[in-house]
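Q: final34.cif (mmCIF, C-alpha atoms) pasted underneath:
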data_protein
loop_
_atom_site.label_atom_id
_atom_site.label_comp_id
_atom_site.auth_asym_id
_atom_site.auth_seq_id
_atom_site.Cartn_x
_atom_site.Cartn_y
_atom_site.Cartn_z
CA MET P 1294 -71.06 -13.49 -119.48
CA GLU P 1295 -72.45 -10.05 -118.70
CA GLN P 1296 -74.55 -11.35 -115.79
CA ARG P 1297 -71.49 -12.21 -113.68
CA ILE P 1298 -69.67 -8.89 -114.20
CA ILE P 1299 -72.33 -6.21 -114.67
CA SER P 1300 -72.86 -5.66 -110.93
CA ASN P 1301 -69.22 -4.74 -110.32
CA THR P 1302 -69.20 -2.58 -113.46
CA ILE P 1303 -72.19 -0.56 -112.22
CA ASP P 1304 -70.55 0.01 -108.82
CA ASN P 1305 -67.33 1.02 -110.53
CA PHE P 1306 -69.07 3.63 -112.69
CA VAL P 1307 -71.23 4.97 -109.89
CA LYS P 1308 -68.13 5.43 -107.71
CA ALA P 1309 -66.15 7.15 -110.50
CA ILE P 1310 -69.02 9.54 -111.27
CA GLU P 1311 -69.49 10.38 -107.60
CA GLU P 1312 -65.78 10.92 -106.91
CA SER P 1313 -65.21 13.05 -110.02
CA LYS P 1314 -68.24 15.19 -109.11
CA ILE P 1315 -69.49 15.40 -112.71
CA LYS P 1316 -73.15 15.55 -113.67
CA ALA P 1317 -73.90 12.26 -115.39
CA GLN P 1318 -76.54 9.60 -115.82
CA LEU P 1319 -75.57 5.97 -116.26
CA LEU P 1320 -77.69 3.98 -118.73
CA ILE P 1321 -77.47 0.19 -118.78
CA VAL P 1322 -78.74 -1.08 -122.13
CA THR P 1323 -79.71 -4.75 -122.37
CA THR P 1324 -81.45 -6.63 -125.16
CA ASN P 1325 -84.09 -9.32 -125.57
CA LYS P 1326 -81.65 -11.08 -127.88
CA GLU P 1327 -79.98 -12.38 -124.73
CA LYS P 1328 -83.03 -14.54 -123.99
CA LYS P 1329 -82.25 -16.62 -127.06
CA LEU P 1330 -78.62 -17.09 -126.06
CA ILE P 1331 -78.85 -18.26 -122.45
CA ASP P 1332 -80.81 -21.03 -120.72
CA SER P 1333 -81.78 -19.00 -117.69
CA ASP P 1334 -84.29 -16.43 -116.53
CA ASP P 1335 -81.46 -14.48 -114.89
CA THR P 1336 -80.77 -12.25 -117.87
CA THR P 1337 -78.61 -9.16 -117.54
CA TYR P 1338 -81.81 -7.11 -117.46
CA GLU P 1339 -83.13 -9.05 -114.43
CA VAL P 1340 -79.76 -8.93 -112.65
CA VAL P 1341 -79.51 -5.16 -113.09
CA LYS P 1342 -83.16 -4.58 -112.20
CA LYS P 1343 -82.70 -6.38 -108.87
CA LYS P 1344 -79.47 -4.53 -108.12
CA LEU P 1345 -80.88 -1.07 -108.76
CA ALA P 1346 -83.70 -1.75 -106.31
CA THR P 1347 -81.27 -2.43 -103.45
CA SER P 1348 -80.02 1.11 -102.79
CA SER P 1349 -80.78 4.78 -103.38
CA LYS P 1350 -77.21 5.31 -104.54
CA TYR P 1351 -78.34 3.96 -107.91
CA LYS P 1352 -80.90 6.73 -108.40
CA ASN P 1353 -78.99 8.10 -111.40
CA VAL P 1354 -78.71 4.69 -113.07
CA LYS P 1355 -81.37 3.93 -115.66
CA LEU P 1356 -82.09 0.51 -117.13
CA LEU P 1357 -83.16 0.24 -120.78
CA ASN P 1358 -84.01 -2.96 -122.62
CA TYR P 1359 -83.84 -3.05 -126.42
CA PRO P 1360 -87.01 -5.03 -127.24
CA ALA P 1361 -85.89 -6.79 -130.42
CA TYR P 1362 -84.67 -10.38 -130.47
CA SER P 1363 -82.06 -9.56 -133.11
CA GLY P 1364 -79.73 -6.68 -133.88
CA MET P 1365 -76.25 -5.49 -133.01
CA MET P 1366 -74.62 -3.18 -130.49
CA ALA P 1367 -75.39 -0.21 -132.75
CA HIS P 1368 -79.12 -0.91 -132.46
CA GLN P 1369 -78.87 -0.79 -128.67
CA LEU P 1370 -76.85 2.44 -128.80
CA ASN P 1371 -79.39 4.09 -131.09
CA PHE P 1372 -82.20 2.90 -128.82
CA ALA P 1373 -80.46 4.58 -125.88
CA LEU P 1374 -79.87 7.73 -127.95
CA GLN P 1375 -83.56 8.02 -128.78
CA ALA P 1376 -84.48 7.61 -125.11
CA ILE P 1377 -82.08 10.41 -124.16
CA ILE P 1378 -83.35 12.75 -126.86
CA LYS P 1379 -86.95 12.01 -125.92
CA ASN P 1380 -86.28 13.16 -122.35
CA ASN P 1381 -84.01 16.06 -123.32
CA LYS P 1382 -85.56 18.15 -126.08
CA ASN P 1383 -82.90 20.86 -125.96
CA VAL P 1384 -79.49 19.24 -126.31
CA ASP P 1385 -76.62 21.63 -125.59
CA LYS P 1386 -73.04 21.52 -126.86
CA LYS P 1387 -71.63 20.46 -123.52
CA SER P 1388 -73.34 17.09 -123.21
CA TYR P 1389 -71.69 13.83 -124.24
CA PHE P 1390 -72.82 10.32 -125.09
CA ALA P 1391 -70.20 7.91 -123.73
CA VAL P 1392 -69.99 4.24 -124.74
CA TYR P 1393 -68.54 1.47 -122.58
CA ASN P 1394 -68.81 -2.31 -122.41
CA ALA P 1395 -70.13 -4.53 -119.65
CA ASP P 1396 -66.54 -5.40 -118.65
CA SER P 1397 -65.26 -1.81 -118.79
CA ASN P 1398 -63.40 -0.38 -115.83
CA ILE P 1399 -63.48 3.41 -115.52
CA THR P 1400 -61.79 5.63 -112.93
CA LYS P 1401 -62.49 9.11 -111.64
CA GLN P 1402 -59.25 10.21 -113.32
CA THR P 1403 -60.74 9.33 -116.72
CA LEU P 1404 -63.70 11.63 -116.07
CA ILE P 1405 -61.52 14.39 -114.62
CA ASN P 1406 -59.16 14.25 -117.61
CA MET P 1407 -62.14 14.20 -119.96
CA CYS P 1408 -63.48 17.39 -118.34
CA LYS P 1409 -60.05 19.03 -118.63
CA LEU P 1410 -59.96 18.15 -122.32
CA CYS P 1411 -63.41 19.69 -122.77
CA GLN P 1412 -62.15 22.93 -121.26
CA THR P 1413 -58.87 23.13 -123.17
CA LYS P 1414 -60.30 22.06 -126.55
CA SER P 1415 -63.67 23.86 -126.27
CA PHE P 1416 -65.83 20.74 -126.04
CA PRO P 1417 -64.56 18.72 -129.02
CA LEU P 1418 -66.92 16.54 -131.04
CA ILE P 1419 -65.04 13.32 -130.32
CA MET P 1420 -62.91 12.13 -127.40
CA GLN P 1421 -61.61 8.62 -126.92
CA GLU P 1422 -60.20 6.69 -124.00
CA TYR P 1423 -58.14 3.79 -125.30
CA ALA P 1424 -57.92 0.44 -123.57
CA ALA P 1425 -55.29 -1.90 -122.20
CA PHE P 1426 -56.54 -5.47 -122.15
CA PHE P 1427 -54.92 -6.37 -118.86
CA LYS P 1428 -57.94 -6.88 -116.61
CA ASN P 1429 -57.67 -10.69 -116.75
CA LEU P 1430 -53.98 -10.84 -117.69
CA LYS P 1431 -52.90 -13.00 -114.75
CA SER P 1432 -55.33 -15.77 -115.67
CA LEU P 1433 -54.18 -16.05 -119.29
CA SER P 1434 -51.73 -18.49 -120.83
CA PRO P 1435 -48.38 -17.07 -122.09
CA LEU P 1436 -49.69 -17.06 -125.67
CA MET P 1437 -52.91 -15.26 -124.77
CA LYS P 1438 -50.95 -12.77 -122.66
CA GLY P 1439 -49.00 -12.04 -125.83
CA PHE P 1440 -52.22 -11.38 -127.70
CA ALA P 1441 -53.42 -9.06 -124.91
CA ILE P 1442 -50.25 -6.98 -125.40
CA PHE P 1443 -50.62 -7.16 -129.20
CA GLN P 1444 -54.16 -5.75 -129.09
CA THR P 1445 -53.19 -3.11 -126.53
CA ASN P 1446 -50.35 -2.01 -128.79
CA PHE P 1447 -52.81 -1.51 -131.66
CA GLU P 1448 -55.02 0.71 -129.51
CA PHE P 1449 -52.17 2.90 -128.34
CA THR P 1450 -50.28 3.05 -131.65
CA ASN P 1451 -53.08 3.55 -134.15
CA GLY P 1452 -55.36 5.22 -131.64
CA PHE P 1453 -53.66 7.19 -128.89
CA THR P 1454 -50.33 8.07 -130.55
CA ASN P 1455 -51.78 8.80 -133.99
CA GLY P 1456 -54.50 10.85 -132.30
CA ILE P 1457 -51.85 13.11 -130.81
CA LEU P 1458 -49.94 13.28 -134.11
CA PHE P 1459 -53.14 13.95 -136.07
CA SER P 1460 -52.54 13.90 -139.83
CA LYS P 1461 -54.43 12.97 -142.98
CA PHE P 1462 -51.71 10.43 -143.65
CA LEU P 1463 -51.89 8.61 -140.32
CA ARG P 1464 -54.38 5.87 -139.51
CA ASN P 1465 -56.49 6.75 -136.49
CA HIS P 1466 -59.67 5.28 -135.05
CA VAL P 1467 -62.36 5.34 -132.42
CA VAL P 1468 -63.35 2.26 -130.46
CA GLY P 1469 -66.77 1.03 -129.34
CA HIS P 1470 -65.71 1.40 -125.69
CA GLY P 1471 -64.31 4.53 -124.10
CA LEU P 1472 -65.88 6.68 -126.81
CA PHE P 1473 -67.19 10.15 -125.90
CA ILE P 1474 -69.18 11.76 -128.70
CA ARG P 1475 -70.88 15.11 -128.28
CA LEU P 1476 -74.61 14.50 -128.05
CA ASP P 1477 -75.66 17.23 -130.50
CA TYR P 1478 -73.21 15.86 -133.07
CA LEU P 1479 -74.38 12.29 -132.61
CA GLN P 1480 -77.93 13.49 -133.11
CA LYS P 1481 -76.85 15.42 -136.23
CA ILE P 1482 -75.27 12.34 -137.86
CA ARG P 1483 -78.33 10.26 -136.88
CA GLY P 1484 -76.64 7.92 -134.49
CA PHE P 1485 -74.57 4.85 -135.25
CA THR P 1486 -74.66 2.92 -138.52
CA THR P 1487 -76.35 -0.47 -138.55
CA ASP P 1488 -75.19 -1.30 -142.09
CA TYR P 1489 -71.90 -2.81 -140.94
CA TRP P 1490 -70.95 -5.22 -138.20
CA CYS P 1491 -68.51 -2.85 -136.50
CA GLU P 1492 -70.04 0.59 -136.07
CA ASP P 1493 -66.77 1.99 -134.70
CA ILE P 1494 -64.79 1.12 -137.85
CA TYR P 1495 -67.41 2.88 -139.97
CA LEU P 1496 -67.51 5.87 -137.60
CA SER P 1497 -63.70 6.18 -137.75
CA PHE P 1498 -63.88 6.40 -141.56
CA PHE P 1499 -66.81 8.82 -141.38
CA LEU P 1500 -64.95 11.14 -139.00
CA ARG P 1501 -61.79 11.17 -141.12
CA SER P 1502 -63.81 11.89 -144.28
CA HIS P 1503 -65.20 14.96 -142.51
CA ASP P 1504 -61.84 15.97 -141.00
CA VAL P 1505 -63.13 15.54 -137.47
CA LYS P 1506 -60.26 15.07 -135.03
CA ILE P 1507 -60.36 12.32 -132.42
CA TYR P 1508 -58.93 13.71 -129.18
CA PRO P 1509 -57.34 11.00 -127.00
CA ILE P 1510 -58.11 11.16 -123.27
CA PHE P 1511 -54.97 10.82 -121.16
CA ALA P 1512 -56.23 7.85 -119.19
CA VAL P 1513 -56.49 4.09 -119.63
CA GLU P 1514 -59.53 1.86 -119.61
CA TYR P 1515 -58.83 -1.71 -118.52
CA GLY P 1516 -60.73 -4.40 -120.42
CA GLU P 1517 -60.61 -8.17 -120.64
CA SER P 1518 -58.70 -10.05 -123.33
CA PRO P 1519 -59.98 -13.28 -124.95
CA LYS P 1520 -59.15 -16.30 -122.81
CA ASN P 1521 -58.40 -18.68 -125.68
CA LEU P 1522 -57.53 -18.75 -129.38
CA LYS P 1523 -61.01 -19.78 -130.50
CA ILE P 1524 -62.63 -16.70 -128.96
CA LEU P 1525 -59.86 -14.44 -130.25
CA MET P 1526 -60.09 -15.87 -133.77
CA LYS P 1527 -63.85 -15.25 -134.00
CA GLN P 1528 -63.57 -11.79 -132.45
CA ASN P 1529 -60.80 -10.76 -134.86
CA ALA P 1530 -62.72 -12.23 -137.81
CA THR P 1531 -65.65 -9.93 -136.98
CA TRP P 1532 -63.37 -6.88 -136.95
CA PHE P 1533 -61.63 -7.93 -140.15
CA LYS P 1534 -64.88 -8.32 -142.06
CA THR P 1535 -65.80 -4.66 -141.62
CA LEU P 1536 -62.18 -3.58 -142.13
CA PHE P 1537 -62.13 -5.42 -145.46
CA GLU P 1538 -65.36 -3.65 -146.46
CA ASN P 1539 -63.73 -0.21 -146.40
CA GLY P 1540 -64.10 0.05 -150.19
CA LYS P 1541 -67.85 -0.19 -149.74
CA ILE P 1542 -67.74 2.32 -146.87
CA TYR P 1543 -65.79 4.71 -149.07
CA SER P 1544 -68.34 4.31 -151.88
CA ASP P 1545 -71.15 5.08 -149.42
CA LEU P 1546 -69.37 8.16 -148.09
CA VAL P 1547 -68.44 9.73 -151.45
CA LYS P 1548 -72.14 10.03 -152.21
CA LYS P 1549 -72.23 12.61 -149.42
CA HIS P 1550 -70.45 15.92 -148.97
CA ILE P 1551 -67.03 14.81 -147.69
CA ASP P 1552 -63.35 15.66 -147.98
CA ARG P 1553 -62.42 13.14 -150.68
CA THR P 1554 -58.67 13.60 -150.19
CA SER P 1555 -58.91 12.69 -146.52
CA ALA P 1556 -61.33 9.86 -147.25
CA PHE P 1557 -59.17 8.32 -149.99
CA SER P 1558 -56.03 8.62 -147.87
CA TYR P 1559 -57.82 6.85 -145.05
CA LEU P 1560 -59.05 4.16 -147.46
CA ILE P 1561 -55.48 3.43 -148.55
CA ASN P 1562 -54.35 3.30 -144.93
CA GLN P 1563 -57.18 0.94 -144.00
CA TYR P 1564 -56.41 -1.43 -146.86
CA ARG P 1565 -52.72 -1.25 -146.02
CA GLY P 1566 -53.58 -2.23 -142.47
CA ALA P 1567 -55.89 -5.03 -143.61
CA PHE P 1568 -53.33 -6.57 -145.96
CA ALA P 1569 -50.55 -6.21 -143.37
CA TRP P 1570 -52.72 -7.99 -140.80
CA LEU P 1571 -53.58 -10.74 -143.29
CA PHE P 1572 -50.19 -11.40 -144.90
CA LEU P 1573 -47.28 -10.07 -142.83
CA PRO P 1574 -47.33 -12.70 -140.03
CA THR P 1575 -47.24 -15.51 -142.61
CA LEU P 1576 -44.52 -13.70 -144.58
CA TYR P 1577 -42.31 -13.43 -141.49
CA LEU P 1578 -42.83 -17.10 -140.68
CA ALA P 1579 -42.14 -18.12 -144.29
CA ILE P 1580 -38.86 -16.18 -144.37
CA ILE P 1581 -37.70 -17.70 -141.07
CA PHE P 1582 -38.52 -21.29 -142.13
CA TYR P 1583 -37.13 -20.77 -145.62
CA LEU P 1584 -33.75 -19.57 -144.33
CA PHE P 1585 -33.43 -22.47 -141.90
CA LEU P 1586 -34.60 -25.04 -144.48
CA LEU P 1587 -31.94 -23.75 -146.87
CA GLY P 1588 -29.39 -24.35 -144.16
CA ASN P 1589 -28.54 -20.66 -143.95
CA TRP P 1590 -28.49 -20.71 -140.16
CA GLN P 1591 -26.47 -17.55 -139.75
CA LEU P 1592 -28.85 -15.38 -141.79
CA GLY P 1593 -31.87 -17.14 -140.26
CA ILE P 1594 -30.70 -16.39 -136.73
CA ILE P 1595 -29.92 -12.76 -137.64
CA PHE P 1596 -33.38 -12.31 -139.18
CA LEU P 1597 -35.14 -14.00 -136.23
CA PHE P 1598 -33.17 -11.96 -133.69
CA SER P 1599 -33.88 -8.72 -135.60
CA TYR P 1600 -37.59 -9.53 -135.74
CA ILE P 1601 -37.82 -10.37 -132.03
CA ALA P 1602 -35.77 -7.32 -131.01
CA THR P 1603 -37.75 -4.77 -133.05
CA THR P 1604 -41.19 -6.13 -132.19
CA THR P 1605 -40.34 -6.55 -128.50
CA ILE P 1606 -39.16 -2.93 -128.32
CA ARG P 1607 -42.37 -1.77 -130.02
CA TYR P 1608 -44.61 -3.67 -127.62
CA TRP P 1609 -42.52 -2.60 -124.62
CA LEU P 1610 -43.04 1.04 -125.62
CA SER P 1611 -46.82 0.63 -125.75
CA ASN P 1612 -46.68 -1.06 -122.32
CA ARG P 1613 -44.70 1.92 -121.07
CA ILE P 1614 -47.32 4.35 -122.41
CA VAL P 1615 -50.04 2.45 -120.53
CA GLU P 1616 -47.91 2.56 -117.39
CA LEU P 1617 -47.41 6.33 -117.64
CA LEU P 1618 -51.09 7.05 -118.35
CA SER P 1619 -52.41 4.80 -115.61
CA HIS P 1620 -49.79 5.82 -113.03
CA ASN P 1621 -49.48 2.14 -112.18
CA THR P 1622 -46.26 0.15 -112.30
CA MET P 1623 -46.56 -2.69 -114.76
CA GLN P 1624 -44.74 -5.89 -113.87
CA SER P 1625 -42.75 -7.88 -116.47
CA LYS P 1626 -43.13 -5.31 -119.27
CA LEU P 1627 -40.23 -6.74 -121.26
CA TYR P 1628 -41.32 -10.36 -120.83
CA LEU P 1629 -44.89 -9.55 -121.92
CA ALA P 1630 -43.58 -7.64 -124.94
CA PHE P 1631 -41.45 -10.68 -125.80
CA LEU P 1632 -44.56 -12.90 -125.67
CA ALA P 1633 -46.39 -10.48 -127.97
CA SER P 1634 -43.67 -10.78 -130.60
CA PHE P 1635 -44.44 -14.51 -130.86
CA ALA P 1636 -48.22 -14.04 -130.70
CA TYR P 1637 -47.94 -11.67 -133.67
CA LEU P 1638 -46.67 -14.51 -135.87
CA ILE P 1639 -50.12 -16.16 -135.78
CA SER P 1640 -52.14 -12.96 -135.34
CA ASN P 1641 -53.74 -13.39 -138.77
CA ILE P 1642 -55.84 -16.40 -137.73
CA GLY P 1643 -58.86 -14.10 -137.39
CA PRO P 1644 -58.57 -12.58 -140.87
CA LEU P 1645 -57.96 -16.02 -142.38
CA TYR P 1646 -61.01 -17.42 -140.59
CA SER P 1647 -63.03 -14.46 -141.86
CA LEU P 1648 -62.10 -15.13 -145.49
CA LEU P 1649 -62.67 -18.88 -145.20
CA ASN P 1650 -66.11 -18.45 -143.60
CA PRO P 1651 -67.75 -15.57 -145.47
CA LYS P 1652 -71.32 -16.59 -144.55
CA ARG P 1653 -70.83 -16.80 -140.80
CA LYS P 1654 -72.92 -14.70 -138.42
CA LYS P 1655 -71.52 -11.85 -136.36
CA TYR P 1656 -69.75 -13.18 -133.29
CA LYS P 1657 -70.54 -11.66 -129.91
CA THR P 1658 -67.40 -11.62 -127.80
CA GLU P 1659 -67.66 -13.80 -124.69
CA ARG P 1660 -67.11 -11.85 -121.47
#
Using structure tokens, write down the structure from this file.
A:
Amino acid sequence: MEQRIISNTIDNFVKAIEESKIKAQLLIVTTNKEKKLIDSDDTTYEVVKKKLATSSKYKNVKLLNYPAYSGMMAHQLNFALQAIIKNNKNVDKKSYFAVYNADSNITKQTLINMCKLCQTKSFPLIMQEYAAFFKNLKSLSPLMKGFAIFQTNFEFTNGFTNGILFSKFLRNHVVGHGLFIRLDYLQKIRGFTTDYWCEDIYLSFFLRSHDVKIYPIFAVEYGESPKNLKILMKQNATWFKTLFENGKIYSDLVKKHIDRTSAFSYLINQYRGAFAWLFLPTLYLAIIFYLFLLGNWQLGIIFLFSYIATTTIRYWLSNRIVELLSHNTMQSKLYLAFLASFAYLISNIGPLYSLLNPKRKKYKTER
């Protein structure tokens, strides 16, 4: 829960901002919705309020509380955006709105590299720091460690690598943590959408349809990975729902002035990704079981070995990218990649749960 981690997160951000010597204000955005979800008066708002009163070093930390008892992350972000605009009438082209989660872990190197990117790319509209979900890796079971590597691989393959190799034909995305969006641009596009569960999936499509490049920041954010399959399944189901609504997103976007070629190419890529996520794990399992049930042990072993070898290499490479970006030696890279190859075989439990429970409410990831 946010209450147990927010204090360390604030200290982490304050330290990074101070050490990087950038001019920044940290806004903590809570919501009254939390009061309905916990049986305690110690909400995140109260925890933060008490902490900020303990020291003058928090003078540049501002606490905002979204007053509604419903809504999504996008509502809180837009609430914060309006507060910033209200206090800053003249927004320049060198100010950024950065989004992080309560469990995010930022370093001064992230901010320094972000500033370098601003200088070399003339203050781009969008910058993104991608995440490795290793913060709680040691406490996870072997299966959940595999899923942590699987999700990290997605961030650094579809996000970081495809961001560097920017092309209309490559799938690329922003994430709702580690996102730096230029404040004047965010104001121009009227903030974050509240029409879809995952505002980052919509924003990714919106940016591609306007040929806006997402510049990856050469740093790594460390986040937590789900601690059990139930949490992971519900979290992935939430993502899949918006991913599967890309046809609707495309229809919404074509009503506006967009690059239809880029938008349609991205639509195909998104649906390709959705169907691969939904069907490929089951297809691999079906082929493996079918070959062994037929008694074709030789071909079954060759197929299984080929699958494990290729997927393990892929996940090892993403682990290596994280290691190089973070300048930290990662222990057991090969073993963790091996675990991810097995986790992948049931990685479609979220999409399947999404399709089987179409009327469920949006799930808020447990932290």
Q: If we count only C-alpha atoms and set the cut-off at 12 Å, which residues sit around Lys1314 (chain P), ignoring sequence neighbours fewer than 2 positions away in its own chain? Please answer as a list in words.
A: Val1307, Lys1308, Ala1309, Ile1310, Glu1311, Glu1312, Lys1316, Ala1317, Lys1401, Gln1402, Leu1404, Ile1405 and Cys1408 of chain P
Q: When the PyMOL selection byres ((chain P and resi 1333-1342) around 9) is applied to the structure above, which residues does it catch, written out as a VMD selection string?
A: chain P and resid 1294 to 1297 1299 to 1300 1303 1321 to 1325 1327 to 1328 1331 to 1332 1343 to 1346 1356 to 1358
Q: Taking into account only C-alpha atoms, which residue in the set P:Arg1483, P:Lys1438, P:Lys1329, P:Lys1626 is nearest to Ser1611 (chain P)?
A: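 Using only C-alpha atoms, Ser1611 (chain P) sits closest to P:Lys1626.
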Q: Need to verify the contact set: region 1558-1567 of chain P, 8 Å, all atoms listed in the file, exclusion of same-chain residues closer than 2 positions in sequence. Can you return it as a ChimeraX atom specification?
A: /P:1461-1464,1498,1501-1502,1533,1536-1537,1539-1540,1543,1554-1556,1569-1571
Q: Which polymer residues, whether protein, DNA or RNA, lie within 8 Å of the coordinate (-64.1, -8.5, -119.4) when you count all atoms listed in the file? List them as a count of residues only, using the chain letters and numbers from the file.
A: 10
Q: Could you write out as a ChimeraX atom specification the residues that the PyMOL selection byres ((chain P and resi 1392) around 8) matches in the shown file?
A: /P:1390-1391,1393-1394,1469-1473
